[in-house]
Each structure stands twice: as C-alpha cells, then as structure tokens.
Amino acid sequence: MKIIDMERGMGKSTKIINMSKAKNVPILCPNKKTKEHIKELAKRHAVAIPEPITWEEYISSSNINKPSTILIDEVFKFVDSILGKYNDKFQGITAVTYSKSEYIGKNG
C-alpha cells in the first residue's frame, strides 16, 4: 500500500486521480460529496478515470461488480464516516496506529 501523506491542498487527490488513471482502478470515497469532488477534479485536469464509488455503493447488495482493487481518498474521513454511521456514540478519531514500514514494505 502506498501512503500519500501531504498537507491539505497540496495535491493528494490529484496524485490519487493520476494513479487511478494509470492503474485503471476506481477510487473509493467516504461519501457522495467526496466522490463528486474527485470527479470534478479529474474533469478539471482532463484525466479520464474509472467511476469513483462511495462506501455505500461498494457494500450495496446490488453491486455485483465490486472491484477487487481500489484506491482510497481521504482515508481518515472515510474511517470517521464509517464509524460515525454505525456507532452513534463515536465522537471522532482521537488517535490511530499503523506500521507504515509494514504497509510500504508489502506493497511498495
């Protein structure tokens, strides 16, 4: 897994859009607003990408053509959105852990 770690407004979404085009892999978005932002940004940069999908679309029982490979934009918004929807007591992400070297080592 590649981790794109940049400050807001510095080009993270543009990078993932270019990866989507290069690999022909859809971008998984936490919600419709993010999906529309990705589509608009790709259009603005004249980059043709597979149709982005929201989490709700991805888990839908009517979605029989789920992609086996995805890219995720705004992972922390994604996690916050998922946890917030399924747990009304969730108040936001206070801390997270992961082993960057483990993910990068496995997936370049």
# chains A, B, ... in the order shown; residues from 1 in each chain; ligands from 1
$ residues_around --residues "stretch 53-55 of chain A" --least-positions-apart "5" --cutoff "10 Å" --atoms "only C-alpha atoms" --output "list in words"
Pro26, Ile27, Leu28, Cys29, Pro30, Asn31, Lys32, Lys33, Thr34, Lys35, Glu36, Ser60, Lys66, Pro67, Ile70, Ile72, Phe78, Ser81 and Ile82 of chain A
$ write_last_selection --atoms "all heavy atoms" --output "compact mmCIF listing (two decimals), in the first residue's frame"
# COMPACT_ATOMS: atom_id res chain seq x y z
N PRO A 26 -10.64 2.12 -9.66
CA PRO A 26 -11.53 3.16 -9.11
C PRO A 26 -11.08 3.66 -7.74
O PRO A 26 -10.39 2.96 -7.00
CB PRO A 26 -12.88 2.46 -9.02
CG PRO A 26 -12.55 1.02 -8.90
CD PRO A 26 -11.28 0.81 -9.67
N ILE A 27 -11.52 4.86 -7.43
CA ILE A 27 -11.24 5.47 -6.13
C ILE A 27 -12.47 5.28 -5.25
O ILE A 27 -13.58 5.62 -5.63
CB ILE A 27 -10.92 6.97 -6.29
CG1 ILE A 27 -9.68 7.16 -7.16
CG2 ILE A 27 -10.75 7.64 -4.92
CD1 ILE A 27 -9.41 8.59 -7.56
N LEU A 28 -12.24 4.73 -4.07
CA LEU A 28 -13.30 4.55 -3.08
C LEU A 28 -13.36 5.81 -2.23
O LEU A 28 -12.35 6.25 -1.68
CB LEU A 28 -13.01 3.33 -2.21
CG LEU A 28 -14.07 2.93 -1.19
CD1 LEU A 28 -15.38 2.55 -1.87
CD2 LEU A 28 -13.56 1.78 -0.34
N CYS A 29 -14.54 6.40 -2.14
CA CYS A 29 -14.75 7.66 -1.43
C CYS A 29 -15.65 7.45 -0.23
O CYS A 29 -16.55 6.62 -0.27
CB CYS A 29 -15.40 8.68 -2.37
SG CYS A 29 -14.48 8.97 -3.89
N PRO A 30 -15.46 8.25 0.84
CA PRO A 30 -16.28 8.06 2.02
C PRO A 30 -17.73 8.48 1.85
O PRO A 30 -18.60 7.99 2.55
CB PRO A 30 -15.59 8.93 3.08
CG PRO A 30 -14.84 9.94 2.31
CD PRO A 30 -14.44 9.27 1.03
N ASN A 31 -18.00 9.37 0.90
CA ASN A 31 -19.37 9.87 0.73
C ASN A 31 -19.54 10.47 -0.67
O ASN A 31 -18.58 10.56 -1.44
CB ASN A 31 -19.68 10.91 1.81
CG ASN A 31 -18.63 12.01 1.86
OD1 ASN A 31 -18.26 12.58 0.84
ND2 ASN A 31 -18.14 12.30 3.06
N LYS A 32 -20.77 10.86 -0.97
CA LYS A 32 -21.09 11.42 -2.29
C LYS A 32 -20.37 12.73 -2.55
O LYS A 32 -19.96 13.01 -3.68
CB LYS A 32 -22.60 11.61 -2.44
CG LYS A 32 -23.36 10.31 -2.55
CD LYS A 32 -24.84 10.55 -2.68
CE LYS A 32 -25.59 9.24 -2.68
NZ LYS A 32 -27.03 9.43 -2.74
N LYS A 33 -20.22 13.55 -1.52
CA LYS A 33 -19.54 14.84 -1.68
C LYS A 33 -18.09 14.64 -2.14
O LYS A 33 -17.63 15.32 -3.06
CB LYS A 33 -19.58 15.61 -0.36
CG LYS A 33 -18.96 16.98 -0.44
CD LYS A 33 -19.10 17.72 0.88
CE LYS A 33 -18.43 19.08 0.79
NZ LYS A 33 -18.54 19.82 2.05
N THR A 34 -17.40 13.71 -1.51
CA THR A 34 -16.02 13.43 -1.91
C THR A 34 -15.97 12.83 -3.31
O THR A 34 -15.10 13.17 -4.12
CB THR A 34 -15.35 12.48 -0.90
OG1 THR A 34 -15.42 13.06 0.40
CG2 THR A 34 -13.88 12.25 -1.24
N LYS A 35 -16.93 11.96 -3.62
CA LYS A 35 -16.99 11.36 -4.96
C LYS A 35 -17.15 12.45 -6.02
O LYS A 35 -16.44 12.45 -7.04
CB LYS A 35 -18.17 10.38 -5.04
CG LYS A 35 -18.38 9.80 -6.42
CD LYS A 35 -19.57 8.85 -6.45
CE LYS A 35 -19.84 8.35 -7.85
NZ LYS A 35 -20.88 7.32 -7.89
N GLU A 36 -18.05 13.39 -5.79
CA GLU A 36 -18.25 14.47 -6.76
C GLU A 36 -17.02 15.37 -6.87
O GLU A 36 -16.68 15.83 -7.95
CB GLU A 36 -19.49 15.28 -6.39
CG GLU A 36 -20.79 14.50 -6.55
CD GLU A 36 -20.95 13.86 -7.93
OE1 GLU A 36 -20.70 14.53 -8.95
OE2 GLU A 36 -21.33 12.66 -7.99
N SER A 60 -23.22 -2.16 -1.17
CA SER A 60 -24.59 -2.43 -1.60
C SER A 60 -24.72 -3.86 -2.11
O SER A 60 -23.89 -4.34 -2.88
CB SER A 60 -24.98 -1.45 -2.70
OG SER A 60 -26.20 -1.84 -3.29
N LYS A 66 -18.12 -5.61 -7.81
CA LYS A 66 -17.21 -4.91 -6.91
C LYS A 66 -15.78 -5.06 -7.42
O LYS A 66 -15.34 -6.17 -7.75
CB LYS A 66 -17.30 -5.49 -5.50
CG LYS A 66 -18.60 -5.19 -4.83
CD LYS A 66 -18.64 -5.75 -3.43
CE LYS A 66 -20.01 -5.50 -2.87
NZ LYS A 66 -20.26 -6.15 -1.62
N PRO A 67 -15.06 -3.95 -7.48
CA PRO A 67 -13.67 -4.05 -7.91
C PRO A 67 -12.83 -4.81 -6.88
O PRO A 67 -13.08 -4.70 -5.68
CB PRO A 67 -13.22 -2.59 -8.03
CG PRO A 67 -14.16 -1.83 -7.17
CD PRO A 67 -15.45 -2.58 -7.16
N ILE A 70 -8.76 -1.27 -5.23
CA ILE A 70 -9.27 0.09 -5.09
C ILE A 70 -8.17 1.02 -4.59
O ILE A 70 -7.16 0.58 -4.05
CB ILE A 70 -10.46 0.18 -4.11
CG1 ILE A 70 -10.06 -0.38 -2.74
CG2 ILE A 70 -11.69 -0.49 -4.67
CD1 ILE A 70 -11.06 -0.07 -1.65
N ILE A 72 -8.08 4.60 -2.10
CA ILE A 72 -8.94 5.29 -1.15
C ILE A 72 -8.48 6.73 -1.00
O ILE A 72 -7.31 6.99 -0.70
CB ILE A 72 -8.94 4.60 0.23
CG1 ILE A 72 -9.47 3.17 0.12
CG2 ILE A 72 -9.77 5.40 1.23
CD1 ILE A 72 -9.43 2.38 1.41
N PHE A 78 -12.92 8.81 5.63
CA PHE A 78 -13.58 7.54 5.33
C PHE A 78 -13.84 6.76 6.62
O PHE A 78 -14.96 6.36 6.90
CB PHE A 78 -12.68 6.74 4.39
CG PHE A 78 -13.26 5.47 3.89
CD1 PHE A 78 -14.06 5.45 2.78
CD2 PHE A 78 -13.01 4.28 4.54
CE1 PHE A 78 -14.61 4.28 2.30
CE2 PHE A 78 -13.54 3.10 4.08
CZ PHE A 78 -14.34 3.10 2.96
N SER A 81 -16.38 8.57 8.82
CA SER A 81 -17.72 8.43 8.27
C SER A 81 -18.31 7.05 8.57
O SER A 81 -19.45 6.93 9.00
CB SER A 81 -17.68 8.67 6.76
OG SER A 81 -18.92 8.43 6.17
N ILE A 82 -17.53 6.02 8.36
CA ILE A 82 -17.99 4.65 8.59
C ILE A 82 -18.29 4.44 10.07
O ILE A 82 -19.36 3.96 10.45
CB ILE A 82 -16.95 3.61 8.12
CG1 ILE A 82 -16.68 3.76 6.63
CG2 ILE A 82 -17.38 2.19 8.48
CD1 ILE A 82 -17.83 3.48 5.73
$ atom_distance --atom1 "atom CA of A:Arg44" --atom2 "atom CA of A:Ile59"
28.8 Å
$ closest_residue --among "A:Ala42, A:Pro50, A:Ser99, A:Glu7" --to "A:Leu71" --atoms "only C-alpha atoms"
A:Pro50
$ closest_residue --among "A:Ser62, A:Ala48, A:Glu40, A:Phe76" --to "A:Asp5" --atoms "only C-alpha atoms"
A:Phe76
